[in-house]
$ cat upload31.cif   # mmCIF, C-alpha atoms
data_query
loop_
_atom_site.label_atom_id
_atom_site.label_comp_id
_atom_site.auth_asym_id
_atom_site.auth_seq_id
_atom_site.Cartn_x
_atom_site.Cartn_y
_atom_site.Cartn_z
CA MET C 18 75.37 105.32 119.06
CA SER C 19 72.67 104.09 116.74
CA THR C 20 74.07 106.23 113.95
CA THR C 21 77.45 104.53 114.34
CA ALA C 22 75.78 101.15 114.12
CA GLN C 23 74.02 102.27 110.96
CA GLN C 24 77.34 103.37 109.55
CA THR C 25 79.07 100.04 110.16
CA GLN C 26 76.13 98.11 108.68
CA LEU C 27 77.02 99.07 105.13
CA PHE C 28 75.88 95.88 103.46
CA HIS C 29 72.66 93.97 103.77
CA GLY C 30 71.58 90.56 102.59
CA LEU C 31 70.15 90.59 99.07
CA VAL C 32 66.74 89.15 99.88
CA PRO C 33 64.00 89.06 97.21
CA GLY C 34 61.13 91.40 98.11
CA ALA C 35 62.85 92.73 101.24
CA THR C 36 63.02 96.27 102.54
CA ILE C 37 66.50 97.12 103.80
CA PRO C 38 66.54 98.38 107.41
CA GLY C 39 67.80 101.98 107.58
CA ASP C 40 67.90 102.29 103.78
CA TRP C 41 68.27 105.93 102.72
CA PHE C 42 66.30 105.20 99.56
CA PRO C 43 62.60 104.43 99.99
CA GLY C 44 62.59 101.38 97.71
CA ARG C 45 62.73 97.63 98.10
CA ILE C 46 64.51 94.70 96.55
CA PRO C 47 62.46 93.21 93.68
CA GLU C 48 60.62 89.92 94.14
CA ASN C 49 61.62 88.37 90.83
CA ILE C 50 65.28 87.80 91.59
CA SER C 51 67.09 84.65 92.66
CA VAL C 52 70.06 84.88 95.02
CA GLY C 53 72.57 82.40 96.46
CA GLU C 54 74.04 82.66 99.94
CA ASN C 55 76.09 85.50 101.48
CA SER C 56 75.33 87.98 98.68
CA VAL C 57 74.89 91.60 99.76
CA VAL C 58 73.82 95.03 98.55
CA ASP C 59 74.11 98.51 100.12
CA SER C 60 70.76 100.03 99.16
CA SER C 61 67.57 99.41 97.19
CA PHE C 62 68.73 102.41 95.12
CA CYS C 63 70.63 99.80 93.05
CA PHE C 64 67.19 98.79 91.71
CA LYS C 65 65.86 102.27 90.92
CA HIS C 66 65.85 101.49 87.20
CA TYR C 67 64.89 97.80 87.49
CA TYR C 68 61.67 97.20 85.51
CA SER C 69 62.06 93.52 84.64
CA THR C 70 58.89 91.48 84.81
CA ALA C 71 60.62 88.28 83.69
CA ARG C 72 60.09 85.30 85.98
CA VAL C 73 63.68 85.82 87.11
CA GLY C 74 65.00 89.24 86.06
CA LEU C 75 68.20 88.98 88.06
CA ARG C 76 70.07 85.84 89.01
CA VAL C 77 72.86 86.38 91.56
CA GLY C 78 75.18 83.63 92.76
CA SER C 79 76.74 83.29 96.21
CA HIS C 80 79.23 85.62 97.97
CA VAL C 81 78.47 88.51 95.61
CA THR C 82 78.99 92.16 96.61
CA ILE C 83 76.89 94.88 94.97
CA TRP C 84 77.73 98.40 96.14
CA ARG C 85 76.19 101.47 94.55
CA ALA C 86 75.62 99.67 91.29
CA SER C 87 72.73 100.48 89.01
CA LEU C 88 70.98 97.31 87.87
CA ALA C 89 68.85 98.85 85.14
CA ALA C 90 66.67 96.20 83.52
CA ASP C 91 63.96 96.59 80.91
CA GLU C 92 60.75 94.53 81.14
CA ALA C 93 62.08 91.41 79.43
CA ALA C 94 65.63 91.71 80.75
CA CYS C 95 67.59 89.05 82.59
CA ILE C 96 70.90 89.84 84.29
CA GLU C 97 73.05 86.98 85.59
CA ILE C 98 75.90 87.50 88.04
CA GLY C 99 78.09 84.56 89.12
CA ASP C 100 79.65 83.62 92.47
CA TYR C 101 82.13 85.96 94.18
CA CYS C 102 81.52 88.83 91.76
CA TYR C 103 82.17 92.35 93.08
CA LEU C 104 80.39 95.35 91.55
CA ALA C 105 81.29 98.77 92.93
CA ASN C 106 79.70 101.90 91.53
CA ALA C 107 78.99 100.30 88.15
CA SER C 108 76.00 100.52 85.80
CA LEU C 109 74.47 97.48 84.12
CA VAL C 110 71.92 98.55 81.52
CA CYS C 111 70.08 95.49 80.25
CA THR C 112 67.37 95.23 77.61
CA GLU C 113 67.64 91.49 76.98
CA ARG C 114 70.51 89.65 78.62
CA ILE C 115 73.79 90.41 80.38
CA THR C 116 75.62 87.33 81.66
CA ILE C 117 78.53 87.70 84.06
CA GLY C 118 80.49 84.63 85.12
CA ALA C 119 82.12 83.89 88.46
CA ARG C 120 84.79 86.01 90.19
CA VAL C 121 84.36 89.03 87.95
CA LEU C 122 85.49 92.34 89.47
CA ILE C 123 83.79 95.44 88.11
CA ALA C 124 85.39 98.70 89.27
CA GLY C 125 83.90 102.14 89.77
CA GLY C 126 82.41 104.03 86.85
CA VAL C 127 82.02 100.98 84.62
CA THR C 128 79.06 100.74 82.21
CA ILE C 129 77.93 97.46 80.65
CA ALA C 130 75.06 97.69 78.16
CA ASP C 131 73.43 95.21 75.78
CA SER C 132 71.75 97.89 73.63
CA ASP C 133 72.31 101.48 72.51
CA PHE C 134 69.44 102.55 74.86
CA HIS C 135 67.54 104.33 72.06
CA PRO C 136 66.61 103.59 68.45
CA ILE C 137 68.96 104.79 65.72
CA ALA C 138 66.37 106.09 63.21
CA PRO C 139 65.47 109.76 63.81
CA ALA C 140 61.68 109.27 63.72
CA ALA C 141 61.88 106.39 66.18
CA ARG C 142 63.98 108.56 68.47
CA VAL C 143 61.28 111.23 68.40
CA ALA C 144 58.79 108.57 69.47
CA ASP C 145 61.17 107.39 72.19
CA THR C 146 61.48 110.86 73.72
CA VAL C 147 57.69 111.06 73.93
CA ALA C 148 57.33 107.57 75.45
CA LEU C 149 60.03 108.39 78.02
CA SER C 150 58.57 111.80 78.92
CA PRO C 151 56.58 112.44 82.10
CA VAL C 152 53.37 112.16 80.05
CA GLY C 153 54.51 109.10 78.05
CA ASP C 154 54.01 105.36 78.38
CA ARG C 155 57.47 103.80 78.59
CA ARG C 156 56.04 100.31 78.06
CA ARG C 157 55.22 101.29 74.47
CA ARG C 158 58.72 102.56 73.65
CA PRO C 159 59.90 101.75 70.12
CA GLN C 160 61.89 98.53 69.81
CA VAL C 161 65.60 98.85 70.52
CA GLU C 162 68.03 96.33 69.09
CA ALA C 163 69.66 94.29 71.85
CA ARG C 164 72.63 91.96 71.56
CA PRO C 165 73.54 90.00 74.70
CA VAL C 166 76.78 90.67 76.56
CA VAL C 167 78.71 87.75 78.02
CA ILE C 168 81.54 88.21 80.49
CA GLU C 169 83.24 84.94 81.32
CA ASP C 170 84.85 83.84 84.61
CA ASP C 171 87.73 85.72 86.27
CA VAL C 172 87.50 88.86 84.13
CA TRP C 173 88.55 92.09 85.85
CA ILE C 174 87.19 95.37 84.53
CA GLY C 175 89.02 98.62 85.41
CA TYR C 176 87.68 102.04 86.39
CA ASN C 177 85.44 103.84 83.91
CA ALA C 178 85.64 101.08 81.30
CA THR C 179 82.66 100.61 78.97
CA ILE C 180 81.43 97.29 77.54
CA LEU C 181 78.99 97.69 74.66
CA LYS C 182 76.36 95.43 73.12
CA GLY C 183 77.09 92.01 71.66
CA VAL C 184 80.51 91.73 73.26
CA ARG C 185 81.87 88.49 74.73
CA ILE C 186 84.86 88.82 77.05
CA GLY C 187 86.86 85.60 77.41
CA ALA C 188 87.82 84.08 80.75
CA GLY C 189 90.57 85.80 82.71
CA ALA C 190 90.77 88.86 80.45
CA ILE C 191 91.70 92.28 81.85
CA ILE C 192 89.87 95.39 80.68
CA ALA C 193 92.11 98.38 81.41
CA PRO C 194 90.70 101.53 83.02
CA GLY C 195 88.86 103.76 80.54
CA ALA C 196 88.71 101.13 77.80
CA VAL C 197 85.71 101.15 75.46
CA VAL C 198 85.11 97.55 74.38
CA VAL C 199 83.09 97.18 71.18
CA LYS C 200 84.39 93.79 69.97
CA ASP C 201 84.93 90.37 71.55
CA VAL C 202 87.96 89.97 73.78
CA ALA C 203 89.87 86.68 73.70
CA PRO C 204 90.46 84.79 76.95
CA GLY C 205 93.41 85.96 79.03
CA VAL C 206 94.34 89.09 77.10
CA GLU C 207 94.48 92.69 78.31
CA VAL C 208 92.73 95.37 76.27
CA ALA C 209 92.90 99.16 76.60
CA GLY C 210 91.92 102.35 74.81
CA ASN C 211 88.98 103.62 72.79
CA PRO C 212 88.21 101.52 70.85
CA ALA C 213 89.88 98.87 73.00
CA ARG C 214 92.89 97.08 71.52
CA VAL C 215 94.88 94.11 72.79
CA LEU C 216 97.89 95.06 74.93
CA GLY C 217 99.41 91.68 75.57
CA GLU C 218 98.73 88.03 76.25
CA ARG C 219 99.03 86.86 79.82
CA GLU C 220 99.84 83.37 80.96
CA ARG C 221 96.72 81.64 82.23
CA MET P 16 88.31 121.03 116.46
CA LYS P 17 84.81 122.36 116.99
CA ASP P 18 85.67 125.55 115.13
CA ASN P 19 87.07 123.60 112.23
CA ILE P 20 84.10 121.67 110.94
CA PRO P 21 82.15 122.60 107.84
CA THR P 22 79.54 125.31 108.10
CA ALA P 23 76.12 124.01 109.20
CA SER P 24 77.33 120.79 110.74
CA THR P 25 77.38 119.27 114.20
CA LEU P 26 80.09 117.38 116.06
CA SER P 27 78.32 114.41 117.62
CA ASP P 28 79.14 112.53 120.83
CA ASP P 29 80.21 109.57 118.71
CA GLY P 30 83.06 111.69 117.29
CA ARG P 31 81.52 111.88 113.84
CA ILE P 32 80.44 115.10 112.18
CA TYR P 33 76.88 115.35 110.89
CA ILE P 34 76.05 117.92 108.23
CA ASP P 35 72.74 119.55 109.18
CA TYR P 36 71.24 119.46 105.67
CA ASP P 37 72.56 115.98 104.77
CA TRP P 38 70.11 113.47 103.27
CA TYR P 39 72.54 110.64 104.18
CA GLY P 40 72.77 109.53 107.80
CA GLY P 41 76.30 108.15 107.96
CA GLY P 42 78.23 111.22 109.12
CA ILE P 43 81.89 112.12 108.63
CA PRO P 44 84.56 110.10 110.49
CA SER P 45 86.48 111.77 113.32
CA ASN P 46 89.90 111.59 111.62
CA VAL P 47 88.91 114.00 108.84
CA ARG P 48 90.40 117.49 109.21
CA PHE P 49 88.96 120.66 107.73
CA GLY P 50 90.38 124.08 107.00
CA SER P 51 88.13 127.10 107.25
CA ASP P 52 85.08 127.51 104.99
CA VAL P 53 85.08 123.95 103.67
CA TYR P 54 81.87 122.81 101.98
CA LEU P 55 80.53 119.27 101.56
CA ASP P 56 77.26 118.29 99.88
CA THR P 57 76.89 115.07 101.85
CA ALA P 58 78.65 112.42 103.94
CA TYR P 59 77.57 109.78 101.39
CA GLY P 60 81.13 109.69 100.08
CA PHE P 61 82.53 108.39 103.39
CA ALA P 62 80.73 105.01 103.36
CA LEU P 63 83.89 103.14 102.36
CA TYR P 64 86.34 105.41 104.18
CA CYS P 65 88.36 103.24 106.61
CA SER P 66 91.59 105.24 107.03
CA GLU P 67 93.38 104.73 110.32
CA HIS P 68 95.74 107.66 109.73
CA GLU P 69 95.43 110.84 111.77
CA PRO P 70 94.26 112.60 109.75
CA GLY P 71 93.12 110.20 107.05
CA LEU P 72 91.71 113.06 105.00
CA SER P 73 92.39 116.77 105.15
CA LEU P 74 90.52 119.38 103.14
CA GLY P 75 92.11 122.84 102.97
CA ASN P 76 90.55 126.26 103.30
CA ALA P 77 87.54 126.95 101.08
CA THR P 78 87.75 123.59 99.34
CA GLY P 79 84.48 121.99 98.28
CA ALA P 80 83.49 118.32 97.86
CA TYR P 81 80.36 118.24 95.75
CA ASP P 82 77.81 115.71 94.50
CA ARG P 83 78.93 112.07 94.78
CA THR P 84 82.58 112.75 95.55
CA SER P 85 83.71 109.54 97.26
CA PHE P 86 86.65 108.84 99.52
CA ILE P 87 87.35 105.10 99.13
CA VAL P 88 90.20 104.85 101.62
CA GLY P 89 91.70 101.67 103.09
CA ALA P 90 93.18 101.43 106.58
CA HIS P 91 96.60 102.60 105.38
CA GLY P 92 95.40 105.16 102.86
CA ARG P 93 95.23 108.93 103.27
CA ILE P 94 94.26 111.89 101.15
CA GLU P 95 95.27 115.52 101.51
CA VAL P 96 93.69 118.34 99.55
CA GLY P 97 94.83 121.98 99.48
CA ASP P 98 92.90 125.25 99.44
CA TYR P 99 90.24 126.44 96.98
CA THR P 100 90.08 123.05 95.25
CA VAL P 101 86.89 121.75 93.62
CA LEU P 102 86.13 118.01 93.94
CA ASN P 103 83.05 117.79 91.76
CA GLY P 104 81.78 114.21 91.85
CA THR P 105 85.12 112.48 91.75
CA TYR P 106 86.12 109.04 93.04
CA LEU P 107 89.28 108.97 95.13
CA VAL P 108 90.73 105.52 95.90
CA SER P 109 93.65 105.40 98.34
CA ASN P 110 95.60 102.68 100.08
CA GLU P 111 98.77 104.78 100.31
CA ARG P 112 98.61 108.52 99.69
CA ILE P 113 96.87 110.92 97.32
CA SER P 114 98.02 114.56 97.50
CA ILE P 115 95.99 117.20 95.72
CA GLY P 116 97.21 120.79 95.71
CA SER P 117 95.42 124.11 95.85
CA HIS P 118 93.17 125.65 93.16
CA CYS P 119 92.63 122.27 91.44
CA LEU P 120 89.51 121.45 89.42
CA ILE P 121 88.54 117.76 89.48
CA ALA P 122 85.48 116.95 87.39
CA TRP P 123 82.69 114.39 87.64
CA GLY P 124 83.22 110.74 86.93
CA SER P 125 86.97 111.03 87.23
CA VAL P 126 88.88 108.43 89.24
CA ILE P 127 92.14 109.14 91.05
CA THR P 128 93.69 105.97 92.44
CA ASP P 129 96.99 105.04 94.07
CA SER P 130 96.06 101.34 93.97
CA TRP P 131 95.34 98.52 91.53
CA ALA P 132 98.14 99.04 89.01
CA GLY P 133 99.48 96.15 86.95
CA LEU P 134 96.42 93.90 87.09
CA ALA P 135 97.52 92.00 84.03
CA HIS P 136 100.66 90.79 85.78
CA ALA P 137 98.81 89.19 88.68
CA PRO P 138 98.04 85.49 88.44
CA VAL P 139 94.36 84.59 88.31
CA GLU P 140 94.74 82.78 91.65
CA ALA P 141 95.74 86.07 93.36
CA ARG P 142 92.67 87.78 91.91
CA ARG P 143 90.45 84.92 93.15
CA ARG P 144 91.94 85.18 96.65
CA ILE P 145 91.13 88.89 96.88
CA LEU P 146 87.47 88.28 95.99
CA ARG P 147 87.24 85.34 98.43
CA ASP P 148 88.71 87.46 101.24
CA ALA P 149 86.35 90.36 100.48
CA ALA P 150 83.31 88.05 100.57
CA ALA P 151 84.36 86.87 104.05
CA ASP P 152 84.72 90.46 105.39
CA PRO P 153 81.53 92.10 106.74
CA LEU P 154 82.75 95.42 105.26
CA ARG P 155 83.60 93.72 101.95
CA ARG P 156 86.95 95.45 101.73
CA LEU P 157 89.15 94.61 98.74
CA GLN P 158 92.84 94.31 99.58
CA PRO P 159 94.87 95.87 96.77
CA LEU P 160 96.50 93.42 94.41
CA SER P 161 99.78 95.27 93.95
CA ALA P 162 101.79 97.66 96.12
CA PRO P 163 100.08 101.06 95.96
CA ARG P 164 102.07 104.02 94.62
CA PRO P 165 101.36 107.59 95.75
CA VAL P 166 99.65 110.01 93.40
CA THR P 167 100.28 113.76 93.40
CA LEU P 168 98.30 116.51 91.76
CA GLU P 169 100.28 119.71 92.07
CA ASP P 170 98.65 123.13 92.45
CA ASN P 171 96.22 124.42 89.84
CA THR P 172 95.74 121.17 87.92
CA TRP P 173 92.50 120.46 86.09
CA VAL P 174 91.19 116.93 85.53
CA GLY P 175 88.35 116.63 83.00
CA PHE P 176 85.30 114.42 83.41
CA ASP P 177 85.54 110.61 83.33
CA SER P 178 89.34 110.67 83.33
CA VAL P 179 91.41 108.13 85.23
CA ILE P 180 94.64 109.02 87.04
CA LEU P 181 96.54 105.81 87.78
CA PRO P 182 98.99 104.86 90.58
CA GLY P 183 102.38 106.57 90.73
CA VAL P 184 101.36 109.53 88.57
CA THR P 185 102.26 113.16 89.26
CA LEU P 186 100.34 115.89 87.46
CA GLY P 187 102.62 118.90 87.23
CA ARG P 188 101.55 122.35 88.31
CA GLY P 189 99.03 124.04 86.03
CA SER P 190 98.53 121.02 83.81
CA ILE P 191 95.22 120.00 82.20
CA VAL P 192 93.95 116.45 81.68
CA GLY P 193 91.20 116.41 79.03
CA CYS P 194 87.97 114.50 79.50
CA LYS P 195 88.02 110.69 79.33
CA THR P 196 91.82 110.62 79.41
CA VAL P 197 93.68 107.71 81.00
CA VAL P 198 96.91 108.95 82.62
CA LYS P 199 99.56 106.31 83.38
CA GLU P 200 102.65 108.53 83.28
CA ASP P 201 103.65 111.83 84.83
CA VAL P 202 102.34 114.97 83.17
CA PRO P 203 104.84 117.86 83.01
CA PRO P 204 103.94 121.24 84.49
CA TYR P 205 101.60 123.32 82.29
CA ALA P 206 101.09 120.48 79.77
CA VAL P 207 97.69 119.72 78.27
CA VAL P 208 97.13 115.98 77.78
CA ALA P 209 94.24 114.05 76.29
CA GLY P 210 93.38 110.63 74.89
CA ASP P 211 93.88 107.04 75.88
CA PRO P 212 96.79 106.54 76.19
CA ALA P 213 97.33 110.18 77.15
CA ARG P 214 99.33 112.36 74.76
CA ILE P 215 100.68 115.88 75.24
CA ILE P 216 98.79 118.30 73.01
CA ARG P 217 100.46 121.55 73.96
CA TYR P 218 101.93 123.60 76.78
CA LEU P 219 100.34 126.55 78.57
CA GLU P 220 101.91 129.86 79.50
CA PRO P 221 102.90 129.59 83.20
CA ASP P 222 101.16 132.81 84.22
CA ASP P 223 99.75 131.66 87.58
CA THR P 224 102.15 133.80 89.60
CA PRO P 225 101.79 134.63 93.32
CA GLU P 226 100.65 138.08 92.16
CA ALA P 227 97.93 136.53 89.98
CA ARG P 228 96.73 134.48 92.96
CA ALA P 229 96.73 137.49 95.29
CA GLN P 230 94.74 139.47 92.78
CA ALA P 231 92.25 136.61 92.32
CA LEU P 232 91.67 136.47 96.07
CA ARG P 233 91.14 140.25 96.22
CA GLN P 234 88.90 140.37 93.21
CA PHE P 235 86.78 137.21 93.46
CA ALA P 236 86.44 136.31 97.14
CA ARG P 237 83.48 137.64 99.05
#
$ encode --input "upload31.cif" --output "structure tokens"
Amino acid sequence: MSTTAQQTQLFHGLVPGATIPGDWFPGRIPENISVGENSVVDSSFCFKHYYSTARVGLRVGSHVTIWRASLAADEAACIEIGDYCYLANASLVCTERITIGARVLIAGGVTIADSDFHPIAPAARVADTVALSPVGDRRRRPQVEARPVVIEDDVWIGYNATILKGVRIGAGAIIAPGAVVVKDVAPGVEVAGNPARVLGERER
Amino acid sequence: MKDNIPTASTLSDDGRIYIDYDWYGGGIPSNVRFGSDVYLDTAYGFALYCSEHEPGLSLGNATGAYDRTSFIVGAHGRIEVGDYTVLNGTYLVSNERISIGSHCLIAWGSVITDSWAGLAHAPVEARRRILRDAAADPLRRLQPLSAPRPVTLEDNTWVGFDSVILPGVTLGRGSIVGCKTVVKEDVPPYAVVAGDPARIIRYLEPDDTPEARAQALRQFAR
């Protein structure tokens, strides 16, 4: 019955530096994170692309659920996730700073990024492919422009939505499934489409 | 039952089915039913499967669930899939019923959900309650905010990558949903839709006759 027990134990406490018992991925939770109480994760696989060496590269509040999310963080990155947030099957790709308020729901397939991942100029992109290659040194990658993303309290983000760099999403806003958000979203509105446009105001 | 489990898998004493080559240890729940010649890459997709229906999931003859295909099924949800259908890394979310026909192609990154419609009409307090309740549940289950509405994909539909099929939708027989399309309304049989919001681009010739199917089975099955 041990396999059944393993199955029911889907979530594990998010403990800095810990190895998760029974984890299918042979990794561990990074040391340089700060976590409140009752926050959980399913696997250290969530940190496969976490390279932050900041004093605190990830700050997680209390009662947070992280399930099959990718918390990709460059060396200087800092991701903040507020109380009661729920991230399921989402990707956070952070070069500098992604700040998520309290009670934010992030549905499956969502990507939130504070950069375009690669330089724009062709020559710099050539350099980037070399630095990222198996024989390259990714710490000497060319500089990529980052603009912080801020998601305020009580925002809900639908399936497969994308939030791009520099965007601030106001409190209580709804991001419809599939939306590609490239501009700020005012508090309490619903946006949809690519590029995302306002659908309607909601009472707050 | 023992004859009707995927090739190269073992029915365990705990009622779960373990695929011999699986890298993931969780196994497949006992209320999943298989036709003949079903293939699954892994049981990874059953981690958040909590259906209490019998069966909660059925996969028809020669249907395959590949890559990270996930069955996110609440206690009252159930999913049925026909024969010769390809689930290639798709995310199925059910708290009511998702019916997928035969000969369907469902691509990677697509989401098919019968739950979570009408978020914008829910007061913030209702959204907060759902997150509070999930944080208090050891399995971190999210109770759907609005009444789920069944989703139906009729035979021979094709859903492109990263598309989202929302609650209440029926995709008509033979229709195609282009990549990254968000479908909120029914798609007529043999229509091709794309965009967000989805628009009908054209209609296809309905040539998928029983004769065409019989010939395909003769010509292309081993």
$ resolve_selection --input "upload31.cif" --expression "the PyMOL selection byres ((chain P and resi 81) around 8)" --output "PyMOL selection string"
chain P and resi 54-57+79-80+82-84+101-104
$ residues_around --input "upload31.cif" --residues "range 194-199 of chain P" --least-positions-apart "6" --cutoff "7 Å" --atoms "all atoms listed in the file" --output "VMD selection string"
(chain C and resid 195) or (chain P and resid 175 to 181 184 209 to 213)
$ closest_residue --input "upload31.cif" --among "P:Ile127, P:Ala77, P:Cys119, P:Ile34" --to "Val53 in chain P" --atoms "all atoms listed in the file"
P:Ala77
$ closest_atom_pairs --input "upload31.cif" --of "chain P" --to "chain C" --cutoff "8 Å" --atoms "all atoms listed in the file" --output "Markdown table"
| residue | atom | partner | partner_atom | distance |
| --- | --- | --- | --- | --- |
| P:Asp29 | CA | C:Met18 | CA | 6.5 |
| P:Trp38 | CA | C:Trp41 | CA | 7.8 |
| P:Tyr39 | CA | C:Trp41 | CA | 6.5 |
| P:Gly40 | CA | C:Thr20 | CA | 7.1 |
| P:Gly41 | CA | C:Gln24 | CA | 5.1 |
| P:Gly42 | CA | C:Gln24 | CA | 7.9 |
| P:Ala62 | CA | C:Leu27 | CA | 7.2 |
| P:Tyr106 | CA | C:Gly125 | CA | 8.0 |
| P:Gly124 | CA | C:Gly126 | CA | 6.8 |
| P:Val126 | CA | C:Tyr176 | CA | 7.1 |
| P:Leu134 | CA | C:Ile191 | CA | 7.2 |
| P:Ala135 | CA | C:Ile191 | CA | 6.2 |
| P:His136 | CA | C:Arg219 | CA | 7.3 |
| P:Pro138 | CA | C:Arg221 | CA | 7.4 |
| P:Val139 | CA | C:Gly189 | CA | 6.9 |
| P:Arg142 | CA | C:Asp171 | CA | 7.8 |
| P:Arg143 | CA | C:Arg120 | CA | 6.5 |
| P:Leu146 | CA | C:Tyr101 | CA | 6.1 |
| P:Arg147 | CA | C:Tyr101 | CA | 6.7 |
| P:Ala150 | CA | C:His80 | CA | 5.4 |
| P:Pro153 | CA | C:Phe28 | CA | 7.5 |
| P:Leu154 | CA | C:Leu27 | CA | 6.8 |
| P:Arg155 | CA | C:Thr82 | CA | 7.2 |
| P:Asp177 | CA | C:Asn177 | CA | 6.8 |
| P:Ser178 | CA | C:Gly195 | CA | 7.5 |
| P:Val179 | CA | C:Gly195 | CA | 6.9 |
| P:Lys195 | CA | C:Gly195 | CA | 7.1 |
| P:Thr196 | CA | C:Gly195 | CA | 7.6 |
| P:Val197 | CA | C:Gly195 | CA | 6.2 |
| P:Asp211 | CA | C:Gly210 | CA | 5.2 |
| P:Pro212 | CA | C:Gly210 | CA | 6.6 |
$ atom_distance --input "upload31.cif" --atom1 "CA of Ser132 in chain C" --atom2 "CA of Val166 in chain C"
9.3 Å
$ decode --input "upload31.cif" --residues "range 21-33 of chain P" --atoms "N, CA and C atoms" --output "JSON list (two decimals), in the first residue's frame"
[["chain", "number", "residue", "atom", "x", "y", "z"],
["P", 21, "PRO", "N", -4.02, -1.36, -20.35],
["P", 21, "PRO", "CA", -3.09, -1.09, -21.44],
["P", 21, "PRO", "C", -1.98, -2.14, -21.53],
["P", 22, "THR", "N", -1.48, -2.33, -22.72],
["P", 22, "THR", "CA", -0.37, -3.23, -22.95],
["P", 22, "THR", "C", 0.79, -2.87, -22.01],
["P", 23, "ALA", "N", 1.49, -3.87, -21.53],
["P", 23, "ALA", "CA", 2.66, -3.66, -20.66],
["P", 23, "ALA", "C", 2.30, -2.91, -19.39],
["P", 24, "SER", "N", 1.24, -3.36, -18.72],
["P", 24, "SER", "CA", 0.92, -2.76, -17.43],
["P", 24, "SER", "C", 0.41, -3.85, -16.50],
["P", 25, "THR", "N", 0.39, -3.53, -15.21],
["P", 25, "THR", "CA", 0.08, -4.54, -14.20],
["P", 25, "THR", "C", -1.02, -4.02, -13.30],
["P", 26, "LEU", "N", -2.02, -4.89, -13.06],
["P", 26, "LEU", "CA", -3.08, -4.55, -12.10],
["P", 26, "LEU", "C", -2.56, -4.91, -10.71],
["P", 27, "SER", "N", -2.47, -3.91, -9.85],
["P", 27, "SER", "CA", -1.89, -4.13, -8.53],
["P", 27, "SER", "C", -2.95, -4.52, -7.51],
["P", 28, "ASP", "N", -2.52, -5.04, -6.37],
["P", 28, "ASP", "CA", -3.45, -5.41, -5.30],
["P", 28, "ASP", "C", -4.22, -4.20, -4.78],
["P", 29, "ASP", "N", -3.64, -3.01, -4.91],
["P", 29, "ASP", "CA", -4.33, -1.82, -4.42],
["P", 29, "ASP", "C", -5.39, -1.32, -5.40],
["P", 30, "GLY", "N", -5.63, -2.07, -6.49],
["P", 30, "GLY", "CA", -6.67, -1.71, -7.45],
["P", 30, "GLY", "C", -6.18, -0.76, -8.53],
["P", 31, "ARG", "N", -5.00, -0.19, -8.34],
["P", 31, "ARG", "CA", -4.48, 0.71, -9.35],
["P", 31, "ARG", "C", -3.71, -0.06, -10.41],
["P", 32, "ILE", "N", -3.57, 0.55, -11.57],
["P", 32, "ILE", "CA", -2.85, -0.07, -12.67],
["P", 32, "ILE", "C", -1.51, 0.63, -12.82],
["P", 33, "TYR", "N", -0.44, -0.17, -12.84],
["P", 33, "TYR", "CA", 0.89, 0.41, -12.99],
["P", 33, "TYR", "C", 1.47, 0.04, -14.35]]
